[in-house]
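Trainee: This is the structure I want to talk about, given as structure tokens.
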Amino acid sequence: MFKHILVPTDGSKLADKAVQAAIEFARDSKARVTVFTAMPTYPVPSRSQLLSGKFENIAKYEERTFAKAEKMLSRIVESGRYAGVEVKSEVKLSDDPYAAIIEAAKRNGCDLIFIASHGRTGFQELLHGSQTHEVLSRSKIPTLVFR
């Protein structure tokens with residue numbers, strides 16, 4: 001049925017449960033998985049940070065951000081391999097995770113997006129909105145929402 005599943009994660013507890021469910025689903029469907037995360041782009045330093053010299057340069061920020069993402073995703077890739085599922089990982093810097101998710105699904109030729117119902121909670125969700133809702137509203141690729 002499905003051959004290639006995109007599984008976005010933000011590292012939250014619910015996303016971790018969705019990832020494990022997606023790996024089981026992929027194993028049963030004999031599908032491969034691309035696990036994906038969108039990390040925030042470089043935050044422009046404030047004037048006071050610039051004047052004081054207390055800010056991280058772009059290269060250092062990206063190195064640290066990609067290392068953090070790869071650490072999170074490598075555990076998922078290993079978990080998939082252990083379950084007998086072909087899993088690859090992908091990271092993108094984006095302040096619009098929903099758009100990066102849809103773009104990644106298209107770029108990788110995925111025929112399903114398997115996503116947690118929500119990641120952030122409380123004030124963070126209010127501030128950033130529901131990325132899952134945005135994916136559901138804007139993607140033409142079938143999307144399975146895990147609760």
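Identifiers in this document derive from the order of the structure tokens: chains are assigned A, B, ..., residues are numbered from 1 separately in each chain, and ligands are numbered from 1 in order of occurrence.
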Among the residues of chain A, find those DSSP assigns to strand (DSSP E) from the backbone and print them as a PDB file with C-alpha atoms, in the first residue's frame.
Mentor:
ATOM      1  CA  HIS A   4       7.732   5.545   1.556  1.00  0.00           C
ATOM      2  CA  ILE A   5       6.622   7.260   4.759  1.00  0.00           C
ATOM      3  CA  LEU A   6       7.795  10.650   6.012  1.00  0.00           C
ATOM      4  CA  VAL A   7       7.823  10.794   9.802  1.00  0.00           C
ATOM      5  CA  PRO A   8       8.399  14.319  11.146  1.00  0.00           C
ATOM      6  CA  ARG A  32      10.730   2.591   4.050  1.00  0.00           C
ATOM      7  CA  VAL A  33      10.870   5.649   6.296  1.00  0.00           C
ATOM      8  CA  THR A  34      12.428   9.074   6.152  1.00  0.00           C
ATOM      9  CA  VAL A  35      12.476  10.602   9.611  1.00  0.00           C
ATOM     10  CA  PHE A  36      12.590  14.386   9.410  1.00  0.00           C
ATOM     11  CA  THR A  37      13.045  17.339  11.704  1.00  0.00           C
ATOM     12  CA  ALA A  38      12.948  21.062  11.052  1.00  0.00           C
ATOM     13  CA  MET A  39      15.185  23.120  13.297  1.00  0.00           C
ATOM     14  CA  VAL A  87      15.158   4.408   7.765  1.00  0.00           C
ATOM     15  CA  LYS A  88      17.060   7.479   6.648  1.00  0.00           C
ATOM     16  CA  SER A  89      17.129  10.872   8.325  1.00  0.00           C
ATOM     17  CA  GLU A  90      16.909  14.427   7.102  1.00  0.00           C
ATOM     18  CA  VAL A  91      17.271  17.818   8.800  1.00  0.00           C
ATOM     19  CA  LYS A  92      16.320  21.232   7.478  1.00  0.00           C
ATOM     20  CA  LEU A  93      16.611  24.680   8.993  1.00  0.00           C
ATOM     21  CA  LEU A 112       2.320   9.140   3.356  1.00  0.00           C
ATOM     22  CA  ILE A 113       3.097  11.591   6.146  1.00  0.00           C
ATOM     23  CA  PHE A 114       2.811   9.948   9.579  1.00  0.00           C
ATOM     24  CA  ILE A 115       2.705  12.747  12.160  1.00  0.00           C
ATOM     25  CA  ALA A 116       1.930  13.207  15.853  1.00  0.00           C
ATOM     26  CA  THR A 143      -1.474  12.178   6.225  1.00  0.00           C
ATOM     27  CA  LEU A 144      -1.976   9.852   9.156  1.00  0.00           C
ATOM     28  CA  VAL A 145      -2.272  11.644  12.513  1.00  0.00           C
ATOM     29  CA  PHE A 146      -1.138   9.712  15.592  1.00  0.00           C
TER      30      PHE A 146
END
Trainee: Compile the contact shell of A:Asp95 as a PyMOL selection string: residues with an atom at most 12 Å away, counting only C-alpha atoms, same-chain residues fewer than 2 positions apart removed.
Mentor: chain A and resi 37-43+92-93+97-101+128-129+131
Trainee: Between A:Ser46, A:Phe55, A:Ile141, A:Thr9, which residue has the minimum interatomic distance to A:Ala105, considering only C-alpha atoms?
Mentor: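 Closest candidate: A:Ile141.
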Trainee: Can you work out which one of A:Ala26, A:Leu136, A:Ala18, A:Leu51 has the shortest atom-to-atom distance to A:Arg81, counting only C-alpha atoms?
Mentor: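 Looking only at the distances to A:Arg81, the closest residue turns out to be A:Ala26.
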Trainee: What is the distance, in Å and to one decimal place, between atom CA of A:Pro45 and atom CA of A:His118?
Mentor: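 It comes out at 29.4 Å.
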Trainee: So, with only C-alpha atoms as the atoms that count, which of A:Ser52, A:Ser137, A:Asn57, A:Ser79 lies closest to A:Ala22?
Mentor: A:Ser79
Trainee: In Å to one decimal, how far is atom CA of A:Gln20 from atom CA of A:Lys71?
Mentor: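 If I compute the distance from atom CA of A:Lys71 to atom CA of A:Gln20, I get 16.6 Å.
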Trainee: To one decimal place, how far is atom CA of A:Glu103 from atom CA of A:His133 in Å?
Mentor: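 It comes out at 15.7 Å.
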